[in-house]
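Asks: Pasting work_9.cif here (mmCIF, C-alpha atoms):
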```
data_data
loop_
_atom_site.group_PDB
_atom_site.id
_atom_site.type_symbol
_atom_site.label_atom_id
_atom_site.label_comp_id
_atom_site.auth_asym_id
_atom_site.auth_seq_id
_atom_site.Cartn_x
_atom_site.Cartn_y
_atom_site.Cartn_z
ATOM 1 C CA MET A 1 -198.174 -59.038 117.149
ATOM 2 C CA GLN A 2 -201.306 -57.658 115.483
ATOM 3 C CA LYS A 3 -199.259 -55.290 113.325
ATOM 4 C CA TYR A 4 -196.658 -57.805 112.178
ATOM 5 C CA ARG A 5 -198.707 -60.992 112.007
ATOM 6 C CA ILE A 6 -198.666 -61.015 108.203
ATOM 7 C CA LEU A 7 -194.860 -60.981 108.310
ATOM 8 C CA PHE A 8 -194.887 -63.928 110.718
ATOM 9 C CA VAL A 9 -197.208 -65.786 108.351
ATOM 10 C CA PHE A 10 -194.831 -65.151 105.450
ATOM 11 C CA VAL A 11 -191.805 -66.377 107.416
ATOM 12 C CA GLY A 12 -193.754 -69.439 108.566
ATOM 13 C CA ILE A 13 -194.707 -70.355 104.980
ATOM 14 C CA CYS A 14 -191.081 -69.980 103.869
ATOM 15 C CA ILE A 15 -189.855 -72.237 106.696
ATOM 16 C CA LEU A 16 -192.480 -74.871 105.899
ATOM 17 C CA LEU A 17 -191.648 -74.904 102.187
ATOM 18 C CA SER A 18 -187.915 -75.060 102.879
ATOM 19 C CA VAL A 19 -188.537 -78.214 104.914
ATOM 20 C CA LEU A 20 -190.837 -79.792 102.320
ATOM 21 C CA THR A 21 -188.584 -79.004 99.345
ATOM 22 C CA PRO A 22 -184.931 -77.983 99.842
ATOM 23 C CA VAL A 23 -184.840 -76.525 96.310
ATOM 24 C CA PHE A 24 -187.031 -73.680 97.578
ATOM 25 C CA LEU A 25 -184.114 -71.944 99.327
ATOM 26 C CA SER A 26 -181.751 -72.123 96.361
ATOM 27 C CA VAL A 27 -180.507 -68.755 95.133
ATOM 28 C CA ASN A 28 -181.850 -69.251 91.616
ATOM 29 C CA ASN A 29 -185.302 -70.148 92.906
ATOM 30 C CA ILE A 30 -185.465 -67.176 95.284
ATOM 31 C CA ILE A 31 -184.475 -64.786 92.484
ATOM 32 C CA ASN A 32 -187.078 -66.382 90.233
ATOM 33 C CA VAL A 33 -189.801 -65.957 92.874
ATOM 34 C CA ILE A 34 -188.971 -62.296 93.464
ATOM 35 C CA ARG A 35 -188.918 -61.595 89.719
ATOM 36 C CA GLN A 36 -192.331 -63.218 89.326
ATOM 37 C CA VAL A 37 -193.713 -61.284 92.283
ATOM 38 C CA SER A 38 -192.604 -57.955 90.785
ATOM 39 C CA ILE A 39 -195.492 -57.893 88.290
ATOM 40 C CA ASN A 40 -198.181 -58.441 90.921
ATOM 41 C CA GLY A 41 -196.346 -56.221 93.408
ATOM 42 C CA ILE A 42 -196.477 -53.174 91.130
ATOM 43 C CA LEU A 43 -200.219 -53.616 90.598
ATOM 44 C CA ALA A 44 -200.769 -54.284 94.304
ATOM 45 C CA ALA A 45 -199.097 -50.960 95.180
ATOM 46 C CA GLY A 46 -201.660 -49.082 93.100
ATOM 47 C CA MET A 47 -204.531 -51.287 94.233
ATOM 48 C CA THR A 48 -203.625 -50.490 97.835
ATOM 49 C CA MET A 49 -204.284 -46.807 97.199
ATOM 50 C CA VAL A 50 -207.565 -47.602 95.452
ATOM 51 C CA ILE A 51 -208.889 -49.875 98.198
ATOM 52 C CA ILE A 52 -207.756 -47.557 101.003
ATOM 53 C CA SER A 53 -209.760 -44.802 99.291
ATOM 54 C CA GLY A 54 -212.841 -47.026 99.463
ATOM 55 C CA GLY A 55 -212.823 -48.099 95.816
ATOM 56 C CA ILE A 56 -211.901 -51.064 93.650
ATOM 57 C CA ASP A 57 -210.395 -51.442 90.164
ATOM 58 C CA LEU A 58 -211.128 -54.539 88.100
ATOM 59 C CA SER A 59 -209.634 -53.137 84.888
ATOM 60 C CA VAL A 60 -205.930 -53.275 85.782
ATOM 61 C CA GLY A 61 -205.174 -56.446 83.797
ATOM 62 C CA SER A 62 -206.843 -55.179 80.616
ATOM 63 C CA VAL A 63 -205.245 -51.731 80.959
ATOM 64 C CA ALA A 64 -201.846 -53.397 81.372
ATOM 65 C CA ALA A 65 -202.516 -55.412 78.205
ATOM 66 C CA ILE A 66 -203.358 -52.414 75.992
ATOM 67 C CA CYS A 67 -200.430 -50.397 77.379
ATOM 68 C CA GLY A 68 -198.060 -53.305 76.727
ATOM 69 C CA ALA A 69 -199.390 -53.645 73.184
ATOM 70 C CA ILE A 70 -198.909 -49.928 72.519
ATOM 71 C CA VAL A 71 -195.286 -49.861 73.675
ATOM 72 C CA ALA A 72 -194.536 -52.992 71.631
ATOM 73 C CA GLY A 73 -196.216 -51.667 68.508
ATOM 74 C CA THR A 74 -194.733 -48.165 68.531
ATOM 75 C CA GLN A 75 -191.156 -48.546 69.803
ATOM 76 C CA LEU A 76 -189.676 -49.188 66.350
ATOM 77 C CA LYS A 77 -191.541 -46.228 64.825
ATOM 78 C CA LEU A 78 -191.271 -43.668 67.626
ATOM 79 C CA GLY A 79 -188.259 -44.876 69.575
ATOM 80 C CA LEU A 80 -188.242 -46.621 72.943
ATOM 81 C CA VAL A 81 -188.649 -43.634 75.262
ATOM 82 C CA PRO A 82 -191.510 -41.966 73.301
ATOM 83 C CA ALA A 83 -193.239 -45.345 73.033
ATOM 84 C CA MET A 84 -193.006 -45.859 76.797
ATOM 85 C CA LEU A 85 -194.298 -42.339 77.447
ATOM 86 C CA LEU A 86 -197.224 -42.971 75.102
ATOM 87 C CA SER A 87 -197.971 -46.216 76.923
ATOM 88 C CA VAL A 88 -197.890 -44.547 80.342
ATOM 89 C CA ALA A 89 -200.070 -41.679 79.049
ATOM 90 C CA THR A 90 -202.596 -44.235 77.783
ATOM 91 C CA GLY A 91 -202.733 -45.887 81.200
ATOM 92 C CA ALA A 92 -203.206 -42.518 82.894
ATOM 93 C CA LEU A 93 -205.976 -41.607 80.439
ATOM 94 C CA LEU A 94 -207.867 -44.837 81.044
ATOM 95 C CA GLY A 95 -207.455 -44.315 84.798
ATOM 96 C CA LEU A 96 -208.805 -40.787 84.407
ATOM 97 C CA ILE A 97 -211.826 -42.116 82.535
ATOM 98 C CA ASN A 98 -212.460 -44.574 85.382
ATOM 99 C CA GLY A 99 -212.226 -41.719 87.866
ATOM 100 C CA LEU A 100 -214.562 -39.464 85.876
ATOM 101 C CA VAL A 101 -217.190 -42.178 85.456
ATOM 102 C CA ILE A 102 -217.056 -42.902 89.192
ATOM 103 C CA THR A 103 -216.995 -39.303 90.479
ATOM 104 C CA LYS A 104 -218.973 -37.378 87.856
ATOM 105 C CA GLY A 105 -221.194 -40.183 86.632
ATOM 106 C CA LYS A 106 -221.843 -41.475 90.170
ATOM 107 C CA VAL A 107 -221.269 -45.047 89.000
ATOM 108 C CA ALA A 108 -220.117 -47.629 91.530
ATOM 109 C CA PRO A 109 -216.377 -48.390 91.167
ATOM 110 C CA PHE A 110 -217.097 -52.085 90.663
ATOM 111 C CA VAL A 111 -219.390 -51.402 87.693
ATOM 112 C CA ALA A 112 -217.284 -48.607 86.169
ATOM 113 C CA THR A 113 -214.037 -50.570 86.212
ATOM 114 C CA LEU A 114 -215.772 -53.761 85.095
ATOM 115 C CA GLY A 115 -216.922 -51.861 82.015
ATOM 116 C CA MET A 116 -213.399 -50.554 81.439
ATOM 117 C CA THR A 117 -212.132 -54.140 81.617
ATOM 118 C CA THR A 118 -214.163 -55.049 78.536
ATOM 119 C CA VAL A 119 -213.387 -51.798 76.710
ATOM 120 C CA ALA A 120 -209.624 -52.022 77.262
ATOM 121 C CA ARG A 121 -209.542 -55.696 76.286
ATOM 122 C CA GLY A 122 -211.474 -54.894 73.115
ATOM 123 C CA LEU A 123 -209.050 -52.077 72.288
ATOM 124 C CA THR A 124 -206.151 -54.489 72.755
ATOM 125 C CA LEU A 125 -207.672 -57.013 70.356
ATOM 126 C CA ILE A 126 -208.355 -54.277 67.783
ATOM 127 C CA TYR A 127 -204.850 -52.826 68.052
ATOM 128 C CA THR A 128 -203.081 -56.174 67.833
ATOM 129 C CA GLY A 129 -205.500 -57.793 65.379
ATOM 130 C CA GLY A 130 -205.768 -60.636 67.872
ATOM 131 C CA ARG A 131 -202.123 -61.629 67.300
ATOM 132 C CA PRO A 132 -199.012 -61.153 69.466
ATOM 133 C CA ILE A 133 -196.640 -58.311 68.583
ATOM 134 C CA TYR A 134 -192.981 -59.343 68.341
ATOM 135 C CA ASN A 135 -189.824 -57.563 67.082
ATOM 136 C CA LEU A 136 -188.954 -55.926 70.393
ATOM 137 C CA THR A 137 -185.647 -54.106 70.702
ATOM 138 C CA ASP A 138 -182.855 -55.458 72.892
ATOM 139 C CA ALA A 139 -182.879 -52.257 74.965
ATOM 140 C CA PHE A 140 -186.554 -52.790 75.746
ATOM 141 C CA ARG A 141 -186.012 -56.430 76.712
ATOM 142 C CA VAL A 142 -183.691 -55.276 79.506
ATOM 143 C CA LEU A 143 -186.653 -53.880 81.475
ATOM 144 C CA GLY A 144 -188.186 -57.304 81.955
ATOM 145 C CA ALA A 145 -185.312 -59.728 81.538
ATOM 146 C CA GLY A 146 -182.183 -57.732 82.424
ATOM 147 C CA TYR A 147 -180.091 -57.667 85.589
ATOM 148 C CA VAL A 148 -178.194 -55.056 87.553
ATOM 149 C CA GLY A 149 -175.566 -57.227 89.182
ATOM 150 C CA PRO A 150 -177.458 -60.205 90.641
ATOM 151 C CA ILE A 151 -180.739 -58.289 90.929
ATOM 152 C CA PRO A 152 -183.367 -58.511 88.141
ATOM 153 C CA VAL A 153 -184.416 -55.130 86.731
ATOM 154 C CA PRO A 154 -188.157 -55.785 87.423
ATOM 155 C CA VAL A 155 -187.294 -56.162 91.119
ATOM 156 C CA LEU A 156 -185.579 -52.761 91.101
ATOM 157 C CA ILE A 157 -188.631 -51.244 89.411
ATOM 158 C CA LEU A 158 -190.856 -52.842 92.065
ATOM 159 C CA ALA A 159 -188.648 -51.458 94.852
ATOM 160 C CA LEU A 160 -188.867 -47.962 93.360
ATOM 161 C CA VAL A 161 -192.665 -48.169 93.019
ATOM 162 C CA ILE A 162 -193.101 -49.437 96.583
ATOM 163 C CA ALA A 163 -190.815 -46.704 97.953
ATOM 164 C CA VAL A 164 -192.667 -43.932 96.103
ATOM 165 C CA VAL A 165 -196.175 -45.156 97.000
ATOM 166 C CA HIS A 166 -195.160 -45.744 100.628
ATOM 167 C CA PHE A 167 -193.769 -42.200 100.859
ATOM 168 C CA VAL A 168 -196.881 -40.697 99.244
ATOM 169 C CA MET A 169 -199.293 -42.584 101.492
ATOM 170 C CA SER A 170 -197.372 -42.119 104.759
ATOM 171 C CA SER A 171 -195.682 -38.733 104.445
ATOM 172 C CA THR A 172 -197.806 -36.451 102.268
ATOM 173 C CA VAL A 173 -201.064 -34.548 102.642
ATOM 174 C CA PHE A 174 -202.465 -36.426 99.665
ATOM 175 C CA GLY A 175 -201.858 -39.752 101.390
ATOM 176 C CA ARG A 176 -203.573 -38.662 104.587
ATOM 177 C CA GLU A 177 -206.527 -37.392 102.574
ATOM 178 C CA VAL A 178 -206.835 -40.741 100.774
ATOM 179 C CA TYR A 179 -207.001 -42.495 104.152
ATOM 180 C CA ALA A 180 -209.623 -39.980 105.295
ATOM 181 C CA LEU A 181 -211.592 -40.514 102.102
ATOM 182 C CA GLY A 182 -211.782 -44.250 102.687
ATOM 183 C CA GLY A 183 -212.467 -43.925 106.397
ATOM 184 C CA ASN A 184 -215.462 -41.610 106.080
ATOM 185 C CA GLU A 185 -216.171 -39.858 102.792
ATOM 186 C CA GLU A 186 -218.737 -37.446 104.193
ATOM 187 C CA ALA A 187 -216.477 -36.426 107.058
ATOM 188 C CA ALA A 188 -213.639 -35.925 104.563
ATOM 189 C CA ARG A 189 -215.851 -33.690 102.431
ATOM 190 C CA TYR A 190 -216.962 -31.604 105.420
ATOM 191 C CA SER A 191 -213.330 -31.180 106.479
ATOM 192 C CA GLY A 192 -212.567 -29.439 103.192
ATOM 193 C CA ILE A 193 -211.064 -32.286 101.156
ATOM 194 C CA ASN A 194 -211.896 -32.211 97.459
ATOM 195 C CA VAL A 195 -213.217 -35.769 97.409
ATOM 196 C CA GLU A 196 -213.791 -36.024 93.653
ATOM 197 C CA ARG A 197 -210.338 -34.727 92.744
ATOM 198 C CA ARG A 198 -208.596 -37.042 95.190
ATOM 199 C CA ARG A 199 -210.516 -40.055 93.927
ATOM 200 C CA MET A 200 -209.674 -39.218 90.319
ATOM 201 C CA LEU A 201 -205.981 -38.880 91.213
ATOM 202 C CA VAL A 202 -206.090 -42.311 92.850
ATOM 203 C CA TYR A 203 -207.492 -43.915 89.684
ATOM 204 C CA ILE A 204 -205.026 -42.028 87.480
ATOM 205 C CA SER A 205 -202.218 -43.405 89.665
ATOM 206 C CA MET A 206 -203.670 -46.886 89.275
ATOM 207 C CA GLY A 207 -203.715 -46.423 85.498
ATOM 208 C CA LEU A 208 -200.077 -45.297 85.529
ATOM 209 C CA LEU A 209 -198.977 -48.338 87.512
ATOM 210 C CA SER A 210 -201.035 -50.619 85.256
ATOM 211 C CA ALA A 211 -199.094 -49.179 82.315
ATOM 212 C CA VAL A 212 -195.780 -49.792 84.091
ATOM 213 C CA THR A 213 -196.904 -53.373 84.703
ATOM 214 C CA GLY A 214 -197.808 -53.798 81.042
ATOM 215 C CA ILE A 215 -194.414 -52.476 79.946
ATOM 216 C CA VAL A 216 -192.476 -54.765 82.288
ATOM 217 C CA LEU A 217 -194.638 -57.784 81.418
ATOM 218 C CA THR A 218 -194.284 -57.242 77.666
ATOM 219 C CA SER A 219 -190.526 -56.842 78.016
ATOM 220 C CA ARG A 220 -190.260 -59.998 80.090
ATOM 221 C CA LEU A 221 -192.368 -62.140 77.745
ATOM 222 C CA GLY A 222 -190.670 -60.785 74.627
ATOM 223 C CA SER A 223 -194.000 -60.021 72.961
ATOM 224 C CA ALA A 224 -197.301 -58.238 73.521
ATOM 225 C CA ASP A 225 -200.010 -60.874 73.813
ATOM 226 C CA PRO A 226 -203.609 -59.610 73.411
ATOM 227 C CA THR A 227 -204.686 -61.969 76.192
ATOM 228 C CA ALA A 228 -202.011 -60.775 78.634
ATOM 229 C CA GLY A 229 -203.099 -59.614 82.066
ATOM 230 C CA VAL A 230 -206.096 -61.928 82.449
ATOM 231 C CA GLY A 231 -206.678 -62.489 86.161
ATOM 232 C CA PHE A 232 -204.151 -59.845 87.250
ATOM 233 C CA GLU A 233 -206.828 -57.908 89.109
ATOM 234 C CA THR A 234 -207.614 -60.984 91.219
ATOM 235 C CA ASP A 235 -203.992 -61.455 92.249
ATOM 236 C CA ALA A 236 -203.558 -57.747 93.019
ATOM 237 C CA ILE A 237 -206.683 -57.603 95.170
ATOM 238 C CA ALA A 238 -205.663 -60.840 96.892
ATOM 239 C CA ALA A 239 -202.229 -59.415 97.727
ATOM 240 C CA VAL A 240 -203.770 -56.246 99.155
ATOM 241 C CA VAL A 241 -206.337 -58.107 101.254
ATOM 242 C CA ILE A 242 -203.824 -60.662 102.517
ATOM 243 C CA GLY A 243 -201.503 -57.763 103.365
ATOM 244 C CA GLY A 244 -204.024 -56.378 105.823
ATOM 245 C CA THR A 245 -205.718 -53.571 103.879
ATOM 246 C CA SER A 246 -209.390 -53.374 104.801
ATOM 247 C CA MET A 247 -211.869 -53.808 101.956
ATOM 248 C CA SER A 248 -213.997 -51.208 103.723
ATOM 249 C CA GLY A 249 -211.295 -48.610 103.108
ATOM 250 C CA GLY A 250 -209.449 -46.241 105.409
ATOM 251 C CA GLU A 251 -206.675 -48.549 106.619
ATOM 252 C CA GLY A 252 -203.809 -50.568 105.205
ATOM 253 C CA SER A 253 -200.274 -50.143 103.909
ATOM 254 C CA VAL A 254 -198.330 -50.775 100.724
ATOM 255 C CA ILE A 255 -195.672 -52.671 102.704
ATOM 256 C CA GLY A 256 -198.352 -55.103 103.862
ATOM 257 C CA SER A 257 -199.513 -55.498 100.254
ATOM 258 C CA LEU A 258 -195.946 -56.254 99.186
ATOM 259 C CA ILE A 259 -195.762 -59.014 101.799
ATOM 260 C CA GLY A 260 -199.147 -60.258 100.570
ATOM 261 C CA ALA A 261 -197.785 -60.419 97.012
ATOM 262 C CA LEU A 262 -194.735 -62.296 98.294
ATOM 263 C CA ILE A 263 -196.966 -64.788 100.096
ATOM 264 C CA ILE A 264 -198.899 -65.471 96.884
ATOM 265 C CA GLY A 265 -195.687 -65.796 94.874
ATOM 266 C CA VAL A 266 -194.036 -68.084 97.421
ATOM 267 C CA MET A 267 -197.153 -70.249 97.641
ATOM 268 C CA ASN A 268 -197.387 -70.618 93.859
ATOM 269 C CA ASN A 269 -193.706 -71.435 93.613
ATOM 270 C CA GLY A 270 -193.770 -73.892 96.506
ATOM 271 C CA LEU A 271 -196.821 -75.713 95.200
ATOM 272 C CA ASN A 272 -195.189 -75.960 91.767
ATOM 273 C CA LEU A 273 -192.073 -77.456 93.332
ATOM 274 C CA LEU A 274 -194.292 -79.943 95.150
ATOM 275 C CA ASN A 275 -195.986 -80.838 91.837
ATOM 276 C CA VAL A 276 -199.401 -79.651 93.019
ATOM 277 C CA SER A 277 -201.843 -79.100 90.154
ATOM 278 C CA PRO A 278 -202.459 -75.433 89.201
ATOM 279 C CA TYR A 279 -206.184 -76.103 89.656
ATOM 280 C CA TYR A 280 -205.650 -76.761 93.360
ATOM 281 C CA GLN A 281 -203.449 -73.677 93.589
ATOM 282 C CA GLN A 282 -206.425 -71.521 92.632
ATOM 283 C CA ILE A 283 -208.451 -73.120 95.426
ATOM 284 C CA PHE A 284 -205.712 -72.430 97.993
ATOM 285 C CA LYS A 285 -205.424 -68.823 96.855
ATOM 286 C CA GLY A 286 -209.178 -68.291 97.102
ATOM 287 C CA LEU A 287 -209.323 -69.824 100.577
ATOM 288 C CA ILE A 288 -206.510 -67.574 101.802
ATOM 289 C CA VAL A 289 -208.298 -64.466 100.503
ATOM 290 C CA VAL A 290 -211.551 -65.477 102.206
ATOM 291 C CA LEU A 291 -209.665 -66.207 105.433
ATOM 292 C CA ALA A 292 -207.958 -62.807 105.275
ATOM 293 C CA VAL A 293 -211.302 -61.039 104.811
ATOM 294 C CA LEU A 294 -212.836 -62.997 107.697
ATOM 295 C CA MET A 295 -209.904 -62.031 109.933
ATOM 296 C CA ASP A 296 -210.282 -58.377 108.905
ATOM 297 C CA SER A 297 -214.017 -58.450 109.674
ATOM 298 C CA ALA A 298 -213.438 -60.078 113.055
ATOM 299 C CA SER A 299 -210.723 -57.554 113.908
ATOM 300 C CA ARG A 300 -212.951 -54.643 112.872
ATOM 301 C CA ARG A 301 -215.848 -55.931 114.984
ATOM 302 C CA LYS A 302 -213.522 -56.347 117.965
ATOM 303 C CA ARG A 303 -212.284 -52.755 117.621
ATOM 304 C CA GLN A 304 -215.826 -51.445 117.310
ATOM 305 C CA ALA A 305 -216.893 -53.369 120.391
ATOM 306 C CA ALA A 306 -213.898 -52.017 122.328
ATOM 307 C CA ALA A 307 -214.731 -48.468 121.213
ATOM 308 C CA LEU A 308 -218.345 -48.850 122.344
ATOM 309 C CA LYS A 309 -217.185 -50.212 125.684
ATOM 310 C CA VAL A 310 -214.872 -47.239 126.195
ATOM 311 C CA GLY A 311 -217.670 -44.868 125.176
ATOM 312 C CA ARG A 312 -219.915 -46.267 127.867
#
```
How does the structure come out when it is put into structure tokens?
Replies:
Amino acid sequence: MQKYRILFVFVGICILLSVLTPVFLSVNNIINVIRQVSINGILAAGMTMVIISGGIDLSVGSVAAICGAIVAGTQLKLGLVPAMLLSVATGALLGLINGLVITKGKVAPFVATLGMTTVARGLTLIYTGGRPIYNLTDAFRVLGAGYVGPIPVPVLILALVIAVVHFVMSSTVFGREVYALGGNEEAARYSGINVERRRMLVYISMGLLSAVTGIVLTSRLGSADPTAGVGFETDAIAAVVIGGTSMSGGEGSVIGSLIGALIIGVMNNGLNLLNVSPYYQQIFKGLIVVLAVLMDSASRRKRQAAALKVGR
């Protein structure tokens, strides 16, 4: 029950919304919800790795914006594939800079990534001149608006990202070391783990997934907006926390984060169908995040108390 409670919560919300508004269970609406969730889900997959490692990344929305602007502005000159590779390389570079500032500069992740948020947003405004970039190719539009059978392409991209991150975190040495890093950094260092290198790889991965998000978002919107990605970091962190990943690091799963992203998407969709003001939706989302953190803290205290009792 403890392990799958977030899944029960998700099912319960879906049942409640299906009773309140029958439109919720329509095929078109379900496909729309999943397509909308794909953007946050990709970011949440990377944010899961970051938070498990004991860090945080507030720059993901701005990094996604600059990467989306780059792919939109270069695809006609370089070709689609080179433009996408340049965009992904830019995301990886910005993630590397975050990692270097945190590991070599000994700057707290919150401060380092907050600074990158402003830098990346400024770069986006400079590159775009403060105006959206249009003239996207039809081939590029497929990534955000296309279908493979009845399934939207962004959903397939999300499934691939979740599968890869889940495999890395659950079945590789790197994944186990990231968990160890978040659980106890000093113990991880004494056990022979290269803490700085692992942390940098985590932030590079986050930069890569931010770039993928920017590419998919730009394709879906049909333009690169310099203000795109605002608030994305909040939704990604919310999905991770709701999904059961501890803000203290060392525990969590990308599958839980995916369910957390689905809960946020379903809530937003359901409240829209019920004609609830977007202002109230922000309040609901904030309350759910706080509740999830409180539940995590209570669960952690209970486990610590049980461990002390066993130790005695």
Asks: Using the chain letters and numbers from the file, give me the residues hit by the PyMOL selection byres ((chain A and resi 253-270) around 6), as number ranges by chain.
Replies: A: 10, 37, 41, 45, 166, 239-240, 242-243, 252, 271-273
Asks: Grab the CA of Val164 (chain A) to CA of Asn32 (chain A) distance for me, in Å with one decimal place.
Replies: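 If I compute the distance from CA of Val164 (chain A) to CA of Asn32 (chain A), I get 23.9 Å.
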Asks: How far is it from CA of Gly183 (chain A) to CA of Met47 (chain A), in Å with one decimal?
Replies: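 Going from CA of Gly183 (chain A) over to CA of Met47 (chain A), I get 16.3 Å.
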Asks: Would you pick out the contacts of region 66-83 of chain A at 9 Å or less, using only C-alpha atoms, so that residues sharing its chain but fewer than 5 positions from it are not included, and give the list as a VMD selection string?
Replies: chain A and resid 61 88 to 91 120 to 125 127 to 128 132 to 137 139 to 140 210 to 219 223 to 226 228
Asks: Would you mind reading off the distance between CA of Met84 (chain A) and CA of Val155 (chain A), one decimal, in Å?
Replies: 18.5 Å
Asks: Centre and edge lengths, as lines of an AutoDock Vina configuration file, for the axis-aligned box enclosing every listed atom of region 163-173 of chain A with 8 Å of padding on each of the six sides, in Å to one decimal?
Replies:
```
center_x = -195.9
center_y = -40.6
center_z = 100.4
size_x = 26.2
size_y = 28.2
size_z = 24.7
```
Asks: Select, from A:Asn275, A:Ser248, A:Ser87, A:Asn184, the residue with the minimum atom-to-atom distance to Gly207 (chain A), counting all atoms listed in the file.
Replies: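 Using all atoms listed in the file, the shortest distance to Gly207 (chain A) belongs to A:Ser87.
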Asks: For this structure, which residues satisfy the selection - the PyMOL selection byres ((chain A and resi 197) around 12) - when it is evaluated on the file as given? I want them as a PyMOL selection string.
Replies: chain A and resi 96+99-100+102-104+174+177-178+181+189+192-196+198-204
Asks: Could you expand the PyMOL selection byres ((chain A and resi 152) around 10) into the explicit residues it covers here, written as a PyMOL selection string?
Replies: chain A and resi 31-32+34-35+38+142-151+153-157
Asks: So which one's closest to Ala159 (chain A), A:Ile42, A:Glu186, A:Arg176, A:Leu85? Using all atoms listed in the file, please.
Replies: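 Closest to Ala159 (chain A) of all the choices is A:Ile42.
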Asks: So that each row is one residue of region 77-135 of chain A with an atom at most 7 Å from region 51-60 of chain A, can you give its shortest atom pair and the distance in Å to one decimal, using only C-alpha atoms, rows by chain and rising number, as a tab-separated table?
Replies:
```
residue	atom	partner	partner_atom	distance
A:Pro109	CA	A:Ile56	CA	5.8
A:Phe110	CA	A:Ile56	CA	6.1
A:Thr113	CA	A:Ser59	CA	5.3
A:Leu114	CA	A:Leu58	CA	5.6
A:Met116	CA	A:Ser59	CA	5.7
A:Thr117	CA	A:Ser59	CA	4.2
```
Asks: Using all atoms listed in the file, find the one residue out of A:Leu291, A:Val111, A:Ala92, A:Ala188 that sits nearest to Ser205 (chain A).
Replies: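 So, comparing all the options, the nearest one is A:Ala92.
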